[in-house]
$ cat target-v7.cif   # mmCIF, N, CA and C atoms
data_structure
#
loop_
_atom_site.label_atom_id
_atom_site.label_comp_id
_atom_site.auth_asym_id
_atom_site.auth_seq_id
_atom_site.Cartn_x
_atom_site.Cartn_y
_atom_site.Cartn_z
N MET A 1466 -23.92 23.75 11.60
CA MET A 1466 -22.67 23.35 11.00
C MET A 1466 -22.91 22.07 10.20
N SER A 1467 -22.74 22.11 8.89
CA SER A 1467 -22.96 20.92 8.07
C SER A 1467 -21.65 20.16 7.90
N PRO A 1468 -21.74 18.84 7.78
CA PRO A 1468 -20.51 18.08 7.58
C PRO A 1468 -19.94 18.34 6.18
N LEU A 1469 -18.69 17.99 6.01
CA LEU A 1469 -18.03 18.18 4.71
C LEU A 1469 -18.62 17.25 3.67
N PRO A 1470 -18.65 17.67 2.42
CA PRO A 1470 -19.09 16.75 1.35
C PRO A 1470 -18.11 15.58 1.24
N PRO A 1471 -18.58 14.45 0.74
CA PRO A 1471 -17.70 13.26 0.66
C PRO A 1471 -16.44 13.50 -0.16
N TYR A 1472 -16.53 14.26 -1.24
CA TYR A 1472 -15.34 14.49 -2.06
C TYR A 1472 -14.33 15.37 -1.35
N ALA A 1473 -14.79 16.25 -0.46
CA ALA A 1473 -13.86 17.08 0.31
C ALA A 1473 -13.05 16.23 1.27
N VAL A 1474 -13.70 15.22 1.86
CA VAL A 1474 -12.99 14.31 2.76
C VAL A 1474 -11.92 13.53 1.99
N VAL A 1475 -12.28 13.05 0.81
CA VAL A 1475 -11.30 12.33 -0.02
C VAL A 1475 -10.16 13.26 -0.39
N GLY A 1476 -10.47 14.50 -0.73
CA GLY A 1476 -9.43 15.46 -1.07
C GLY A 1476 -8.49 15.73 0.10
N PHE A 1477 -9.04 15.85 1.30
CA PHE A 1477 -8.19 16.06 2.48
C PHE A 1477 -7.30 14.85 2.75
N VAL A 1478 -7.83 13.67 2.57
CA VAL A 1478 -7.02 12.46 2.78
C VAL A 1478 -5.89 12.39 1.76
N VAL A 1479 -6.19 12.72 0.50
CA VAL A 1479 -5.14 12.73 -0.53
C VAL A 1479 -4.09 13.79 -0.20
N LEU A 1480 -4.52 14.97 0.19
CA LEU A 1480 -3.56 16.01 0.55
C LEU A 1480 -2.71 15.61 1.75
N ALA A 1481 -3.31 14.95 2.73
CA ALA A 1481 -2.55 14.49 3.89
C ALA A 1481 -1.53 13.43 3.47
N GLY A 1482 -1.91 12.55 2.56
CA GLY A 1482 -0.97 11.54 2.07
C GLY A 1482 0.18 12.14 1.32
N VAL A 1483 -0.10 13.13 0.48
CA VAL A 1483 0.97 13.81 -0.26
C VAL A 1483 1.88 14.56 0.70
N ALA A 1484 1.30 15.21 1.70
CA ALA A 1484 2.11 15.95 2.68
C ALA A 1484 3.01 15.01 3.47
N LEU A 1485 2.50 13.84 3.87
CA LEU A 1485 3.33 12.87 4.59
C LEU A 1485 4.44 12.34 3.70
N PHE A 1486 4.14 12.10 2.44
CA PHE A 1486 5.17 11.63 1.51
C PHE A 1486 6.28 12.66 1.35
N VAL A 1487 5.89 13.90 1.12
CA VAL A 1487 6.89 14.97 0.95
C VAL A 1487 7.69 15.15 2.23
N ALA A 1488 7.04 15.13 3.37
CA ALA A 1488 7.75 15.28 4.65
C ALA A 1488 8.74 14.13 4.86
N GLY A 1489 8.34 12.92 4.52
CA GLY A 1489 9.23 11.78 4.69
C GLY A 1489 10.44 11.83 3.78
N THR A 1490 10.22 12.17 2.51
CA THR A 1490 11.35 12.23 1.59
C THR A 1490 12.29 13.38 1.93
N GLN A 1491 11.75 14.53 2.33
CA GLN A 1491 12.60 15.64 2.70
C GLN A 1491 13.33 15.36 4.01
N GLY A 1492 12.67 14.66 4.93
CA GLY A 1492 13.33 14.30 6.18
C GLY A 1492 14.51 13.36 5.95
N THR A 1493 14.33 12.38 5.09
CA THR A 1493 15.46 11.48 4.81
C THR A 1493 16.57 12.21 4.07
N ARG A 1494 16.23 13.16 3.23
CA ARG A 1494 17.25 13.93 2.52
C ARG A 1494 18.08 14.75 3.51
N LEU A 1495 17.44 15.29 4.53
CA LEU A 1495 18.16 16.10 5.50
C LEU A 1495 19.00 15.24 6.46
N LEU A 1496 18.56 14.04 6.76
CA LEU A 1496 19.23 13.22 7.78
C LEU A 1496 20.28 12.27 7.22
N ARG A 1497 20.26 11.99 5.94
CA ARG A 1497 21.20 11.00 5.41
C ARG A 1497 22.60 11.59 5.24
N PRO A 1498 23.61 10.74 5.38
CA PRO A 1498 24.97 11.23 5.13
C PRO A 1498 25.24 11.27 3.63
N THR A 1499 26.00 12.23 3.18
CA THR A 1499 26.37 12.32 1.77
C THR A 1499 27.88 12.39 1.65
N ALA A 1500 28.43 11.46 0.90
CA ALA A 1500 29.86 11.45 0.61
C ALA A 1500 30.02 10.87 -0.79
N PRO A 1501 29.60 11.62 -1.84
CA PRO A 1501 29.67 11.05 -3.19
C PRO A 1501 31.12 10.92 -3.66
N THR A 1502 31.41 9.75 -4.18
CA THR A 1502 32.71 9.50 -4.80
C THR A 1502 32.47 8.99 -6.21
N ARG A 1503 33.53 8.86 -6.97
CA ARG A 1503 33.39 8.38 -8.34
C ARG A 1503 32.84 6.95 -8.37
N ASP A 1504 33.31 6.11 -7.46
CA ASP A 1504 32.83 4.72 -7.42
C ASP A 1504 31.37 4.63 -7.00
N LYS A 1505 30.94 5.49 -6.10
CA LYS A 1505 29.56 5.45 -5.66
C LYS A 1505 28.59 5.94 -6.74
N LEU A 1506 29.04 6.80 -7.62
CA LEU A 1506 28.19 7.32 -8.67
C LEU A 1506 28.18 6.45 -9.92
N LEU A 1507 28.99 5.37 -9.94
CA LEU A 1507 29.05 4.46 -11.08
C LEU A 1507 27.80 3.59 -11.14
N THR A 1508 27.33 3.31 -12.33
CA THR A 1508 26.16 2.46 -12.49
C THR A 1508 26.47 1.06 -11.99
N TYR A 1509 25.52 0.47 -11.29
CA TYR A 1509 25.71 -0.85 -10.67
C TYR A 1509 24.53 -1.72 -11.05
N GLU A 1510 24.78 -2.88 -11.62
CA GLU A 1510 23.70 -3.75 -12.08
C GLU A 1510 23.97 -5.18 -11.63
N SER A 1511 23.32 -5.60 -10.59
CA SER A 1511 23.36 -6.98 -10.10
C SER A 1511 24.79 -7.45 -9.82
N GLY A 1512 25.62 -6.61 -9.31
CA GLY A 1512 26.97 -7.00 -8.95
C GLY A 1512 27.94 -7.09 -10.11
N VAL A 1513 27.52 -6.70 -11.31
CA VAL A 1513 28.37 -6.78 -12.49
C VAL A 1513 28.72 -5.37 -12.93
N ASP A 1514 30.00 -5.11 -13.14
CA ASP A 1514 30.39 -3.80 -13.64
C ASP A 1514 29.88 -3.61 -15.06
N PRO A 1515 29.39 -2.44 -15.40
CA PRO A 1515 28.88 -2.21 -16.75
C PRO A 1515 30.01 -2.26 -17.78
N VAL A 1516 29.76 -2.99 -18.86
CA VAL A 1516 30.74 -3.13 -19.94
C VAL A 1516 30.01 -2.89 -21.25
N GLY A 1517 30.56 -2.11 -22.12
CA GLY A 1517 29.97 -1.89 -23.44
C GLY A 1517 28.78 -0.94 -23.38
N GLU A 1518 27.91 -1.10 -24.39
CA GLU A 1518 26.73 -0.25 -24.49
C GLU A 1518 25.63 -0.74 -23.55
N GLY A 1519 24.66 0.09 -23.32
CA GLY A 1519 23.54 -0.28 -22.47
C GLY A 1519 22.40 -0.94 -23.22
N TRP A 1520 22.56 -1.17 -24.52
CA TRP A 1520 21.50 -1.73 -25.33
C TRP A 1520 21.69 -3.24 -25.46
N ALA A 1521 20.64 -3.98 -25.17
CA ALA A 1521 20.67 -5.43 -25.33
C ALA A 1521 19.28 -5.89 -25.76
N GLN A 1522 19.23 -6.85 -26.66
CA GLN A 1522 17.95 -7.37 -27.10
C GLN A 1522 17.55 -8.55 -26.21
N THR A 1523 16.27 -8.62 -25.91
CA THR A 1523 15.74 -9.67 -25.06
C THR A 1523 14.72 -10.47 -25.85
N ASN A 1524 14.78 -11.77 -25.71
CA ASN A 1524 13.83 -12.64 -26.39
C ASN A 1524 12.43 -12.39 -25.85
N VAL A 1525 11.45 -12.40 -26.71
CA VAL A 1525 10.07 -12.12 -26.31
C VAL A 1525 9.53 -13.20 -25.38
N ARG A 1526 10.14 -14.38 -25.36
CA ARG A 1526 9.65 -15.44 -24.48
C ARG A 1526 9.75 -15.05 -23.02
N TYR A 1527 10.72 -14.26 -22.64
CA TYR A 1527 10.84 -13.84 -21.25
C TYR A 1527 9.60 -13.05 -20.83
N TYR A 1528 9.08 -12.23 -21.73
CA TYR A 1528 7.88 -11.47 -21.42
C TYR A 1528 6.67 -12.40 -21.33
N LEU A 1529 6.64 -13.43 -22.14
CA LEU A 1529 5.54 -14.39 -22.06
C LEU A 1529 5.56 -15.14 -20.74
N TYR A 1530 6.76 -15.52 -20.28
CA TYR A 1530 6.85 -16.17 -18.97
C TYR A 1530 6.40 -15.23 -17.86
N ALA A 1531 6.79 -13.98 -17.95
CA ALA A 1531 6.37 -13.00 -16.94
C ALA A 1531 4.85 -12.84 -16.97
N TYR A 1532 4.27 -12.80 -18.17
CA TYR A 1532 2.82 -12.66 -18.29
C TYR A 1532 2.11 -13.88 -17.70
N LEU A 1533 2.61 -15.07 -18.00
CA LEU A 1533 2.00 -16.28 -17.43
C LEU A 1533 2.12 -16.28 -15.91
N TYR A 1534 3.24 -15.82 -15.38
CA TYR A 1534 3.39 -15.74 -13.93
C TYR A 1534 2.34 -14.81 -13.34
N VAL A 1535 2.14 -13.65 -13.96
CA VAL A 1535 1.15 -12.71 -13.45
C VAL A 1535 -0.24 -13.32 -13.49
N VAL A 1536 -0.56 -14.02 -14.56
CA VAL A 1536 -1.88 -14.66 -14.67
C VAL A 1536 -2.09 -15.64 -13.53
N PHE A 1537 -1.10 -16.47 -13.25
CA PHE A 1537 -1.29 -17.47 -12.20
C PHE A 1537 -1.16 -16.88 -10.81
N ALA A 1538 -0.47 -15.76 -10.65
CA ALA A 1538 -0.45 -15.07 -9.36
C ALA A 1538 -1.82 -14.48 -9.08
N VAL A 1539 -2.46 -13.92 -10.10
CA VAL A 1539 -3.81 -13.40 -9.94
C VAL A 1539 -4.77 -14.54 -9.65
N ASP A 1540 -4.56 -15.67 -10.30
CA ASP A 1540 -5.38 -16.85 -10.03
C ASP A 1540 -5.28 -17.25 -8.57
N ALA A 1541 -4.08 -17.28 -8.03
CA ALA A 1541 -3.90 -17.63 -6.62
C ALA A 1541 -4.54 -16.59 -5.70
N MET A 1542 -4.49 -15.34 -6.13
CA MET A 1542 -5.08 -14.27 -5.33
C MET A 1542 -6.60 -14.45 -5.22
N TYR A 1543 -7.23 -14.97 -6.27
CA TYR A 1543 -8.67 -15.19 -6.23
C TYR A 1543 -9.02 -16.52 -5.57
N LEU A 1544 -8.15 -17.51 -5.66
CA LEU A 1544 -8.47 -18.82 -5.09
C LEU A 1544 -8.46 -18.83 -3.57
N LEU A 1545 -7.53 -18.13 -2.95
CA LEU A 1545 -7.42 -18.18 -1.50
C LEU A 1545 -8.65 -17.63 -0.79
N PRO A 1546 -9.12 -16.43 -1.11
CA PRO A 1546 -10.33 -15.97 -0.43
C PRO A 1546 -11.56 -16.82 -0.77
N TRP A 1547 -11.61 -17.30 -1.99
CA TRP A 1547 -12.73 -18.14 -2.38
C TRP A 1547 -12.75 -19.43 -1.56
N ALA A 1548 -11.60 -20.03 -1.34
CA ALA A 1548 -11.52 -21.27 -0.59
C ALA A 1548 -11.92 -21.07 0.87
N THR A 1549 -11.72 -19.88 1.40
CA THR A 1549 -12.06 -19.65 2.81
C THR A 1549 -13.56 -19.44 3.02
N VAL A 1550 -14.28 -19.00 2.00
CA VAL A 1550 -15.72 -18.75 2.17
C VAL A 1550 -16.58 -19.83 1.52
N LEU A 1551 -15.99 -20.83 0.92
CA LEU A 1551 -16.78 -21.84 0.20
C LEU A 1551 -17.74 -22.59 1.11
N THR A 1552 -17.35 -22.85 2.34
CA THR A 1552 -18.21 -23.63 3.23
C THR A 1552 -19.24 -22.79 3.98
N LEU A 1553 -19.21 -21.48 3.82
CA LEU A 1553 -20.20 -20.63 4.49
C LEU A 1553 -21.56 -20.79 3.83
N PRO A 1554 -22.63 -20.56 4.57
CA PRO A 1554 -23.97 -20.68 3.97
C PRO A 1554 -24.17 -19.67 2.84
N GLY A 1555 -24.76 -20.13 1.76
CA GLY A 1555 -25.03 -19.27 0.62
C GLY A 1555 -23.92 -19.27 -0.42
N PHE A 1556 -22.82 -19.96 -0.17
CA PHE A 1556 -21.71 -20.00 -1.12
C PHE A 1556 -21.47 -21.42 -1.60
N GLY A 1557 -22.48 -22.16 -1.90
CA GLY A 1557 -22.33 -23.57 -2.23
C GLY A 1557 -21.94 -23.85 -3.66
N TRP A 1558 -22.82 -24.57 -4.34
CA TRP A 1558 -22.52 -25.07 -5.69
C TRP A 1558 -22.36 -23.96 -6.71
N ARG A 1559 -23.05 -22.86 -6.52
CA ARG A 1559 -22.96 -21.78 -7.49
C ARG A 1559 -21.55 -21.20 -7.55
N THR A 1560 -20.95 -20.94 -6.40
CA THR A 1560 -19.60 -20.40 -6.40
C THR A 1560 -18.59 -21.45 -6.85
N LEU A 1561 -18.88 -22.71 -6.57
CA LEU A 1561 -18.00 -23.78 -7.06
C LEU A 1561 -18.02 -23.81 -8.59
N ALA A 1562 -19.19 -23.64 -9.18
CA ALA A 1562 -19.29 -23.62 -10.64
C ALA A 1562 -18.61 -22.37 -11.22
N GLU A 1563 -18.78 -21.22 -10.58
CA GLU A 1563 -18.13 -20.01 -11.06
C GLU A 1563 -16.61 -20.14 -11.03
N MET A 1564 -16.08 -20.71 -9.95
CA MET A 1564 -14.63 -20.89 -9.88
C MET A 1564 -14.18 -21.95 -10.88
N GLY A 1565 -15.01 -22.93 -11.15
CA GLY A 1565 -14.68 -23.92 -12.18
C GLY A 1565 -14.56 -23.28 -13.55
N VAL A 1566 -15.45 -22.35 -13.86
CA VAL A 1566 -15.37 -21.63 -15.13
C VAL A 1566 -14.09 -20.78 -15.17
N PHE A 1567 -13.77 -20.11 -14.07
CA PHE A 1567 -12.57 -19.28 -14.00
C PHE A 1567 -11.32 -20.12 -14.21
N ILE A 1568 -11.22 -21.23 -13.52
CA ILE A 1568 -10.05 -22.11 -13.67
C ILE A 1568 -10.04 -22.75 -15.05
N GLY A 1569 -11.22 -23.05 -15.59
CA GLY A 1569 -11.29 -23.60 -16.94
C GLY A 1569 -10.74 -22.66 -17.99
N VAL A 1570 -11.08 -21.37 -17.87
CA VAL A 1570 -10.55 -20.38 -18.82
C VAL A 1570 -9.03 -20.30 -18.71
N LEU A 1571 -8.52 -20.32 -17.49
CA LEU A 1571 -7.06 -20.31 -17.30
C LEU A 1571 -6.43 -21.58 -17.86
N ALA A 1572 -7.09 -22.71 -17.68
CA ALA A 1572 -6.55 -23.98 -18.20
C ALA A 1572 -6.53 -23.98 -19.73
N ILE A 1573 -7.55 -23.41 -20.35
CA ILE A 1573 -7.57 -23.32 -21.81
C ILE A 1573 -6.42 -22.44 -22.29
N GLY A 1574 -6.19 -21.32 -21.61
CA GLY A 1574 -5.06 -20.45 -21.97
C GLY A 1574 -3.72 -21.15 -21.79
N LEU A 1575 -3.57 -21.90 -20.71
CA LEU A 1575 -2.33 -22.64 -20.47
C LEU A 1575 -2.14 -23.73 -21.52
N ALA A 1576 -3.21 -24.44 -21.87
CA ALA A 1576 -3.11 -25.49 -22.90
C ALA A 1576 -2.74 -24.87 -24.25
N HIS A 1577 -3.31 -23.73 -24.55
CA HIS A 1577 -2.98 -23.05 -25.81
C HIS A 1577 -1.51 -22.64 -25.84
N ALA A 1578 -1.03 -22.09 -24.73
CA ALA A 1578 0.39 -21.69 -24.66
C ALA A 1578 1.29 -22.91 -24.77
N TRP A 1579 0.90 -23.99 -24.15
CA TRP A 1579 1.71 -25.21 -24.21
C TRP A 1579 1.74 -25.77 -25.63
N ARG A 1580 0.57 -25.77 -26.29
CA ARG A 1580 0.49 -26.30 -27.65
C ARG A 1580 1.29 -25.45 -28.64
N ARG A 1581 1.32 -24.14 -28.42
CA ARG A 1581 2.08 -23.26 -29.32
C ARG A 1581 3.58 -23.29 -29.04
N GLY A 1582 4.00 -23.98 -27.98
CA GLY A 1582 5.42 -24.11 -27.67
C GLY A 1582 5.98 -22.96 -26.86
N VAL A 1583 5.11 -22.15 -26.27
CA VAL A 1583 5.57 -21.01 -25.48
C VAL A 1583 6.29 -21.48 -24.24
N LEU A 1584 5.89 -22.58 -23.66
CA LEU A 1584 6.45 -23.05 -22.41
C LEU A 1584 7.73 -23.85 -22.58
N ARG A 1585 8.16 -24.04 -23.81
CA ARG A 1585 9.39 -24.80 -24.07
C ARG A 1585 10.57 -23.87 -23.93
N TRP A 1586 11.49 -24.17 -23.04
CA TRP A 1586 12.67 -23.35 -22.83
C TRP A 1586 13.78 -23.84 -23.73
N VAL A 1587 14.04 -23.10 -24.79
CA VAL A 1587 15.05 -23.52 -25.77
C VAL A 1587 16.21 -22.59 -25.77
#
$ encode --input "target-v7.cif" --output "structure tokens"
Amino acid sequence: MSPLPPYAVVGFVVLAGVALFVAGTQGTRLLRPTAPTRDKLLTYESGVDPVGEGWAQTNVRYYLYAYLYVVFAVDAMYLLPWATVLTLPGFGWRTLAEMGVFIGVLAIGLAHAWRRGVLRWV
């Protein structure tokens, strides 16, 4: 009896995940109470009743702020594990220099955004 090929194991795990997802969604559909009314089917947005059309223009700066947030969230995601292994043997000056380059690139991007006035809330 030979063991399954590695891709077959991955396929079975994916199929098991899909089966659990389908079972969970169908189970909640069967167990939840349903009492649709006109008020319950109305669109709801942050506690404000919808008024007018659904089209609104958004300033591109909001997307830039969101992008900068993602960049610095990723930065924090890399800094925390790096800080925990810095004192271990074999992770000395070389990793400190690599993280310095990483933070330097982020600092250059932040300085560029600041100089272009992206960070000014007007």
$ select_by_dssp --input "target-v7.cif" --residues "chain A" --states "helix (DSSP H, G or I)" --output "PyMOL selection string"
chain A and resi 1471-1496+1525-1550+1558-1580
$ residues_around --input "target-v7.cif" --residues "stretch 1534-1542 of chain A" --least-positions-apart "3" --cutoff "9 Å" --atoms "only C-alpha atoms" --output "number ranges by chain"
A: 1529-1531, 1545-1546, 1567-1568, 1571
$ atom_distance --input "target-v7.cif" --atom1 "atom N of A:Ala1548" --atom2 "atom N of A:Ala1562"
11.5 Å
$ atom_distance --input "target-v7.cif" --atom1 "atom C of A:Gly1574" --atom2 "atom C of A:Leu1533"
9.6 Å
$ atom_distance --input "target-v7.cif" --atom1 "atom CA of A:Trp1586" --atom2 "atom CA of A:Ala1572"
19.8 Å
$ decode --input "target-v7.cif" --residues "stretch 1477-1495 of chain A" --atoms "N, CA and C atoms" --output "PDB file, in the first residue's frame"
ATOM      1  N   PHE A1477      -7.484  16.719  -0.811  1.00  0.00           N
ATOM      2  CA  PHE A1477      -8.426  16.259   0.214  1.00  0.00           C
ATOM      3  C   PHE A1477      -8.644  17.317   1.290  1.00  0.00           C
ATOM      4  N   VAL A1478      -7.603  18.013   1.665  1.00  0.00           N
ATOM      5  CA  VAL A1478      -7.746  19.071   2.672  1.00  0.00           C
ATOM      6  C   VAL A1478      -8.609  20.205   2.130  1.00  0.00           C
ATOM      7  N   VAL A1479      -8.406  20.575   0.867  1.00  0.00           N
ATOM      8  CA  VAL A1479      -9.233  21.620   0.253  1.00  0.00           C
ATOM      9  C   VAL A1479     -10.686  21.164   0.174  1.00  0.00           C
ATOM     10  N   LEU A1480     -10.909  19.935  -0.242  1.00  0.00           N
ATOM     11  CA  LEU A1480     -12.280  19.418  -0.305  1.00  0.00           C
ATOM     12  C   LEU A1480     -12.931  19.377   1.072  1.00  0.00           C
ATOM     13  N   ALA A1481     -12.174  18.996   2.093  1.00  0.00           N
ATOM     14  CA  ALA A1481     -12.717  18.979   3.454  1.00  0.00           C
ATOM     15  C   ALA A1481     -13.066  20.391   3.908  1.00  0.00           C
ATOM     16  N   GLY A1482     -12.228  21.363   3.568  1.00  0.00           N
ATOM     17  CA  GLY A1482     -12.525  22.749   3.920  1.00  0.00           C
ATOM     18  C   GLY A1482     -13.760  23.272   3.238  1.00  0.00           C
ATOM     19  N   VAL A1483     -13.913  22.952   1.958  1.00  0.00           N
ATOM     20  CA  VAL A1483     -15.110  23.383   1.222  1.00  0.00           C
ATOM     21  C   VAL A1483     -16.346  22.702   1.792  1.00  0.00           C
ATOM     22  N   ALA A1484     -16.242  21.418   2.125  1.00  0.00           N
ATOM     23  CA  ALA A1484     -17.380  20.695   2.696  1.00  0.00           C
ATOM     24  C   ALA A1484     -17.782  21.283   4.046  1.00  0.00           C
ATOM     25  N   LEU A1485     -16.814  21.632   4.890  1.00  0.00           N
ATOM     26  CA  LEU A1485     -17.129  22.250   6.180  1.00  0.00           C
ATOM     27  C   LEU A1485     -17.770  23.612   5.990  1.00  0.00           C
ATOM     28  N   PHE A1486     -17.296  24.374   5.036  1.00  0.00           N
ATOM     29  CA  PHE A1486     -17.885  25.687   4.761  1.00  0.00           C
ATOM     30  C   PHE A1486     -19.334  25.554   4.315  1.00  0.00           C
ATOM     31  N   VAL A1487     -19.573  24.659   3.369  1.00  0.00           N
ATOM     32  CA  VAL A1487     -20.937  24.458   2.869  1.00  0.00           C
ATOM     33  C   VAL A1487     -21.839  23.941   3.984  1.00  0.00           C
ATOM     34  N   ALA A1488     -21.354  23.007   4.783  1.00  0.00           N
ATOM     35  CA  ALA A1488     -22.157  22.476   5.890  1.00  0.00           C
ATOM     36  C   ALA A1488     -22.485  23.571   6.902  1.00  0.00           C
ATOM     37  N   GLY A1489     -21.529  24.434   7.200  1.00  0.00           N
ATOM     38  CA  GLY A1489     -21.777  25.513   8.149  1.00  0.00           C
ATOM     39  C   GLY A1489     -22.773  26.528   7.641  1.00  0.00           C
ATOM     40  N   THR A1490     -22.641  26.936   6.385  1.00  0.00           N
ATOM     41  CA  THR A1490     -23.581  27.918   5.850  1.00  0.00           C
ATOM     42  C   THR A1490     -24.977  27.329   5.706  1.00  0.00           C
ATOM     43  N   GLN A1491     -25.087  26.077   5.292  1.00  0.00           N
ATOM     44  CA  GLN A1491     -26.403  25.461   5.176  1.00  0.00           C
ATOM     45  C   GLN A1491     -27.017  25.220   6.551  1.00  0.00           C
ATOM     46  N   GLY A1492     -26.186  24.880   7.528  1.00  0.00           N
ATOM     47  CA  GLY A1492     -26.691  24.695   8.889  1.00  0.00           C
ATOM     48  C   GLY A1492     -27.251  25.982   9.469  1.00  0.00           C
ATOM     49  N   THR A1493     -26.553  27.085   9.265  1.00  0.00           N
ATOM     50  CA  THR A1493     -27.078  28.360   9.767  1.00  0.00           C
ATOM     51  C   THR A1493     -28.337  28.766   9.016  1.00  0.00           C
ATOM     52  N   ARG A1494     -28.422  28.444   7.746  1.00  0.00           N
ATOM     53  CA  ARG A1494     -29.625  28.772   6.972  1.00  0.00           C
ATOM     54  C   ARG A1494     -30.828  27.999   7.515  1.00  0.00           C
ATOM     55  N   LEU A1495     -30.614  26.748   7.905  1.00  0.00           N
ATOM     56  CA  LEU A1495     -31.715  25.947   8.419  1.00  0.00           C
ATOM     57  C   LEU A1495     -32.120  26.346   9.840  1.00  0.00           C
TER      58      LEU A1495
END
